[in-house]
file upload.cif (mmCIF, C-alpha atoms)
data_upload
loop_
_atom_site.label_atom_id
_atom_site.label_comp_id
_atom_site.auth_asym_id
_atom_site.auth_seq_id
_atom_site.Cartn_x
_atom_site.Cartn_y
_atom_site.Cartn_z
CA MET B 6 67.27 -45.33 57.99
CA ALA B 7 63.70 -46.62 58.33
CA THR B 8 60.97 -46.94 55.70
CA ALA B 9 57.20 -47.37 55.87
CA THR B 10 54.64 -48.47 53.28
CA ASP B 11 51.65 -46.74 54.89
CA GLY B 12 50.96 -43.60 56.88
CA GLU B 13 50.21 -45.30 60.20
CA LYS B 14 53.54 -47.12 60.17
CA ALA B 15 55.30 -43.90 59.16
CA LEU B 16 53.97 -42.07 62.22
CA GLU B 17 55.02 -44.97 64.45
CA LEU B 18 58.56 -44.79 63.07
CA VAL B 19 58.74 -41.02 63.51
CA GLU B 20 57.69 -41.39 67.14
CA ARG B 21 60.18 -44.23 67.74
CA PHE B 22 63.28 -42.91 65.99
CA LYS B 23 62.89 -39.08 66.12
CA PRO B 24 64.55 -38.68 62.69
CA ASP B 25 66.48 -35.62 61.51
CA LEU B 26 64.90 -35.90 58.05
CA ILE B 27 61.58 -37.27 56.77
CA VAL B 28 60.88 -37.94 53.08
CA LEU B 29 57.13 -38.17 52.46
CA ASP B 30 55.10 -39.35 49.50
CA ILE B 31 51.65 -37.74 49.55
CA MET B 32 49.73 -40.77 48.31
CA LEU B 33 50.34 -43.24 51.14
CA PRO B 34 47.68 -45.75 52.25
CA LYS B 35 45.72 -45.21 55.50
CA ILE B 36 47.14 -41.74 56.28
CA ASP B 37 48.39 -39.53 53.45
CA GLY B 38 51.62 -37.55 53.44
CA PHE B 39 49.91 -34.20 54.03
CA GLU B 40 48.28 -35.49 57.22
CA ILE B 41 51.57 -37.01 58.39
CA CYS B 42 53.30 -33.67 57.85
CA ARG B 43 50.59 -31.87 59.81
CA ARG B 44 50.78 -34.31 62.74
CA VAL B 45 54.58 -34.24 62.86
CA ARG B 46 54.57 -30.44 63.08
CA GLU B 47 51.79 -30.53 65.70
CA GLN B 48 54.16 -32.62 67.82
CA LYS B 49 56.69 -29.73 67.57
CA SER B 50 59.17 -31.93 65.70
CA GLN B 51 62.12 -30.04 64.22
CA ALA B 52 62.82 -32.79 61.66
CA GLY B 53 63.42 -31.68 58.09
CA ILE B 54 60.52 -32.72 55.84
CA ILE B 55 60.71 -33.19 52.07
CA ILE B 56 57.49 -34.04 50.24
CA VAL B 57 57.94 -35.98 47.00
CA SER B 58 54.93 -36.42 44.74
CA VAL B 59 53.61 -36.70 41.20
CA LYS B 60 51.19 -33.91 42.12
CA LYS B 61 52.53 -30.77 40.46
CA SER B 62 49.78 -28.22 41.02
CA ALA B 63 50.62 -24.96 42.77
CA SER B 64 47.85 -25.58 45.29
CA ASP B 65 49.36 -28.92 46.36
CA LYS B 66 52.81 -27.35 46.72
CA VAL B 67 51.49 -24.44 48.74
CA TYR B 68 49.44 -26.75 50.95
CA GLY B 69 52.44 -28.96 51.73
CA LEU B 70 54.66 -26.00 52.52
CA GLU B 71 51.97 -24.37 54.65
CA LEU B 72 51.70 -27.58 56.69
CA GLY B 73 55.37 -27.23 57.56
CA ALA B 74 57.30 -29.11 54.87
CA ASP B 75 60.75 -27.70 54.18
CA ASP B 76 60.71 -28.65 50.50
CA TYR B 77 58.42 -30.12 47.83
CA LEU B 78 59.94 -32.14 45.00
CA THR B 79 57.86 -33.34 42.04
CA LYS B 80 58.41 -36.70 40.34
CA PRO B 81 60.32 -37.57 38.28
CA PHE B 82 63.48 -36.02 39.70
CA SER B 83 67.18 -36.82 39.54
CA LEU B 84 69.04 -38.37 42.43
CA VAL B 85 71.56 -35.54 42.24
CA GLU B 86 68.83 -32.92 42.76
CA PHE B 87 67.26 -34.91 45.59
CA LEU B 88 70.58 -35.28 47.44
CA ALA B 89 71.33 -31.58 46.98
CA ARG B 90 68.04 -30.66 48.62
CA VAL B 91 68.62 -33.13 51.45
CA LYS B 92 72.06 -31.65 52.11
CA ALA B 93 70.66 -28.11 52.04
CA ILE B 94 68.03 -28.91 54.66
CA LEU B 95 70.46 -30.73 56.93
CA ARG B 96 73.01 -27.92 56.54
CA ARG B 97 70.44 -25.26 57.51
CA ARG B 98 69.44 -27.27 60.54
CA GLY B 99 72.95 -28.20 61.65
CA THR B 100 75.19 -25.22 61.05
CA SER B 101 74.49 -23.59 64.38
CA THR B 102 72.60 -24.11 67.60
CA PRO B 103 69.08 -22.83 66.96
CA ILE B 104 67.64 -20.14 69.18
CA LYS B 105 65.16 -21.78 71.55
CA ARG B 106 63.76 -18.71 73.30
CA TYR B 107 64.01 -14.99 72.62
CA SER B 108 62.54 -11.81 74.10
CA PHE B 109 62.22 -8.33 72.64
CA GLY B 110 60.06 -5.46 73.84
CA ASN B 111 57.01 -7.00 75.50
CA ILE B 112 57.20 -10.17 73.39
CA VAL B 113 58.52 -13.58 74.41
CA VAL B 114 58.99 -16.30 71.76
CA ASP B 115 59.43 -19.99 72.58
CA PHE B 116 60.60 -21.65 69.35
CA GLU B 117 60.75 -25.16 70.80
CA ASN B 118 57.04 -25.16 71.57
CA TYR B 119 55.93 -22.76 68.81
CA GLU B 120 54.44 -20.37 71.37
CA ALA B 121 54.65 -16.60 71.67
CA THR B 122 53.20 -14.05 74.05
CA LYS B 123 52.78 -10.28 73.97
CA LYS B 124 52.27 -8.57 77.30
CA GLY B 125 51.66 -12.05 78.72
CA LYS B 126 48.89 -12.87 76.24
CA LYS B 127 49.27 -15.61 73.65
CA ILE B 128 49.95 -14.56 70.06
CA GLU B 129 48.56 -16.74 67.28
CA MET B 130 51.23 -17.44 64.64
CA SER B 131 51.60 -20.16 62.01
CA PRO B 132 54.69 -22.44 61.90
CA ARG B 133 55.86 -20.53 58.82
CA GLU B 134 55.62 -17.22 60.69
CA PHE B 135 57.71 -18.70 63.52
CA LYS B 136 60.34 -19.74 60.95
CA ILE B 137 60.45 -16.25 59.46
CA LEU B 138 60.72 -14.66 62.89
CA ARG B 139 63.55 -17.03 63.84
CA LEU B 140 65.40 -16.09 60.65
CA PHE B 141 64.99 -12.40 61.48
CA ILE B 142 66.21 -12.90 65.05
CA GLU B 143 69.24 -14.92 63.92
CA ASN B 144 70.09 -12.09 61.51
CA ARG B 145 68.95 -9.11 63.59
CA GLY B 146 70.20 -5.79 62.29
CA ARG B 147 70.98 -7.22 58.85
CA VAL B 148 68.85 -6.56 55.77
CA ILE B 149 67.41 -9.84 54.45
CA SER B 150 66.16 -10.00 50.87
CA ARG B 151 62.86 -11.59 49.92
CA ASN B 152 64.68 -14.27 47.93
CA GLU B 153 66.83 -15.16 50.93
CA ILE B 154 63.71 -15.50 53.06
CA LEU B 155 62.20 -17.80 50.41
CA ASN B 156 65.32 -19.95 50.18
CA LYS B 157 65.91 -20.26 53.93
CA VAL B 158 62.33 -20.55 55.15
CA TRP B 159 60.54 -22.32 52.31
CA GLY B 160 63.57 -24.12 50.93
CA TYR B 161 61.92 -24.09 47.50
CA GLU B 162 63.26 -21.66 44.95
CA VAL B 163 60.67 -21.87 42.16
CA PHE B 164 57.46 -21.45 44.08
CA PRO B 165 56.10 -19.51 45.95
CA THR B 166 56.85 -15.95 44.82
CA THR B 167 58.37 -13.03 46.68
CA ARG B 168 54.84 -11.64 46.98
CA THR B 169 54.09 -14.53 49.31
CA VAL B 170 56.89 -13.29 51.58
CA ASP B 171 55.30 -9.84 51.71
CA ASN B 172 51.95 -11.36 52.67
CA TYR B 173 53.57 -13.28 55.53
CA ILE B 174 55.35 -10.17 56.74
CA VAL B 175 51.97 -8.40 56.90
CA LYS B 176 50.61 -11.24 59.07
CA LEU B 177 53.69 -11.28 61.28
CA ARG B 178 53.55 -7.54 61.82
CA LYS B 179 49.90 -7.77 62.85
CA ALA B 180 50.90 -10.37 65.43
CA ILE B 181 53.91 -8.62 67.01
CA GLU B 182 53.71 -4.90 66.26
CA ASP B 183 51.73 -2.39 68.32
CA ASP B 184 50.97 -0.57 65.07
CA ALA B 185 51.39 -2.78 61.99
CA THR B 186 51.18 0.27 59.69
CA ASN B 187 54.11 1.90 61.51
CA PRO B 188 56.30 -1.07 62.43
CA LYS B 189 59.03 -0.91 65.06
CA TRP B 190 60.47 -4.42 64.82
CA ILE B 191 60.26 -5.47 61.15
CA ILE B 192 61.40 -2.60 58.95
CA SER B 193 60.99 -2.50 55.17
CA VAL B 194 64.10 -1.64 53.17
CA ARG B 195 62.83 -0.39 49.84
CA SER B 196 63.56 -2.59 46.81
CA VAL B 197 65.69 -4.91 48.96
CA GLY B 198 63.82 -6.68 51.74
CA TYR B 199 63.40 -6.41 55.50
CA LYS B 200 65.42 -5.81 58.66
CA PHE B 201 64.63 -6.91 62.22
CA THR B 202 65.55 -4.43 64.95
CA GLY B 203 64.68 -6.42 68.09
#

call {"tool": "encode", "arguments": {"input": "upload.cif", "output": "structure tokens"}}
result
Amino acid sequence: MATATDGEKALELVERFKPDLIVLDIMLPKIDGFEICRRVREQKSQAGIIIVSVKKSASDKVYGLELGADDYLTKPFSLVEFLARVKAILRRRGTSTPIKRYSFGNIVVDFENYEATKKGKKIEMSPREFKILRLFIENRGRVISRNEILNKVWGYEVFPTTRTVDNYIVKLRKAIEDDATNPKWIISVRSVGYKFTG
């Protein structure tokens, strides 16, 4: 285990040790936790990231999760809750060998480098959309509920809402479907969730 008292040192340690899990406080000197999270994800790191902060606003939580954090825990919190969240993240990341590359139709997805192409042309997708697509691919043919998507992709059960999942599905369909209004790959299952057919 390694610790840092400022953001610059934290980034140095991440680069040196390639950790499996990073616990970030937002209000670090020199470089804040949000910026560290952004840079770590830009480097294609697959490390689990938990943000811990006194900041409790919905906008801060959403921002941290959008940057690629796996969880957001507000202070004060119990050690038992913290350890449970750590175990959940490590379990999700270690239970099976993650899919590194996958093709379906005219789409090729490279999960290691967060890159995707459709008919040879690059598709723009956010890290969160890549996570959702990976979950679909790992569970292809099975109906996945909105709550399961929240729990496995966001790793945060209180916020955001299932409506957020629907909004991300809309974005993902626009990226991969030929006709987002008549999807072929991501099928809605009424009152339940979604199913991937690729």

call {"tool": "closest_atom_pairs", "arguments": {"input": "upload.cif", "of": "segment 46-163 of chain B", "to": "segment 175-181 of chain B", "cutoff": "12 Å", "atoms": "all atoms listed in the file", "output": "CSV"}}
result
residue,atom,partner,partner_atom,distance
B:Ser108,CA,B:Ile181,CA,11.6
B:Phe109,CA,B:Ile181,CA,10.0
B:Gly110,CA,B:Ile181,CA,9.7
B:Asn111,CA,B:Ile181,CA,9.2
B:Ile112,CA,B:Ile181,CA,7.3
B:Val113,CA,B:Ile181,CA,10.0
B:Val114,CA,B:Ile181,CA,10.4
B:Ala121,CA,B:Ile181,CA,9.3
B:Thr122,CA,B:Ile181,CA,8.9
B:Lys123,CA,B:Ile181,CA,7.2
B:Lys124,CA,B:Ile181,CA,10.4
B:Lys126,CA,B:Ala180,CA,11.3
B:Lys127,CA,B:Ala180,CA,9.9
B:Ile128,CA,B:Ala180,CA,6.3
B:Glu129,CA,B:Ala180,CA,7.0
B:Met130,CA,B:Ala180,CA,7.1
B:Ser131,CA,B:Leu177,CA,9.2
B:Pro132,CA,B:Leu177,CA,11.2
B:Arg133,CA,B:Leu177,CA,9.8
B:Glu134,CA,B:Leu177,CA,6.3
B:Phe135,CA,B:Leu177,CA,8.7
B:Lys136,CA,B:Leu177,CA,10.8
B:Ile137,CA,B:Leu177,CA,8.6
B:Leu138,CA,B:Leu177,CA,8.0
B:Arg139,CA,B:Leu177,CA,11.7
B:Phe141,CA,B:Leu177,CA,11.4

call {"tool": "resolve_selection", "arguments": {"input": "upload.cif", "expression": "the PyMOL selection byres ((chain B and resi 22-33) around 6)", "output": "VMD selection string"}}
result
chain B and resid 11 to 12 18 to 21 34 37 to 39 52 to 58

call {"tool": "resolve_selection", "arguments": {"input": "upload.cif", "expression": "the PyMOL selection byres ((chain B and resi 152) around 9)", "output": "PyMOL selection string"}}
result
chain B and resi 149-151+153-157+162+166-167+170+198

call {"tool": "atom_distance", "arguments": {"input": "upload.cif", "atom1": "atom CA of Pro188 of chain B", "atom2": "atom CA of Asn144 of chain B"}}
result
17.7 Å

call {"tool": "atom_distance", "arguments": {"input": "upload.cif", "atom1": "atom CA of Glu117 of chain B", "atom2": "atom CA of Ser193 of chain B"}}
result
27.5 Å

call {"tool": "resolve_selection", "arguments": {"input": "upload.cif", "expression": "the PyMOL selection byres ((chain B and resi 49) around 8)", "output": "PDB file with C-alpha atoms, in the frame of the given file"}}
result
ATOM      1  CA  VAL B  45      54.580 -34.240  62.860  1.00  0.00           C
ATOM      2  CA  ARG B  46      54.570 -30.440  63.080  1.00  0.00           C
ATOM      3  CA  GLU B  47      51.790 -30.530  65.700  1.00  0.00           C
ATOM      4  CA  GLN B  48      54.160 -32.620  67.820  1.00  0.00           C
ATOM      5  CA  SER B  50      59.170 -31.930  65.700  1.00  0.00           C
ATOM      6  CA  GLN B  51      62.120 -30.040  64.220  1.00  0.00           C
ATOM      7  CA  GLU B 117      60.750 -25.160  70.800  1.00  0.00           C
ATOM      8  CA  ASN B 118      57.040 -25.160  71.570  1.00  0.00           C
ATOM      9  CA  TYR B 119      55.930 -22.760  68.810  1.00  0.00           C
TER      10      TYR B 119
END

call {"tool": "atom_distance", "arguments": {"input": "upload.cif", "atom1": "atom CA of Ile36 of chain B", "atom2": "atom CA of Lys14 of chain B"}}
result
9.2 Å

call {"tool": "closest_residue", "arguments": {"input": "upload.cif", "among": "B:Lys92, B:Arg43, B:Lys200, B:Arg145", "to": "Tyr68 of chain B", "atoms": "all atoms listed in the file"}}
result
B:Arg43
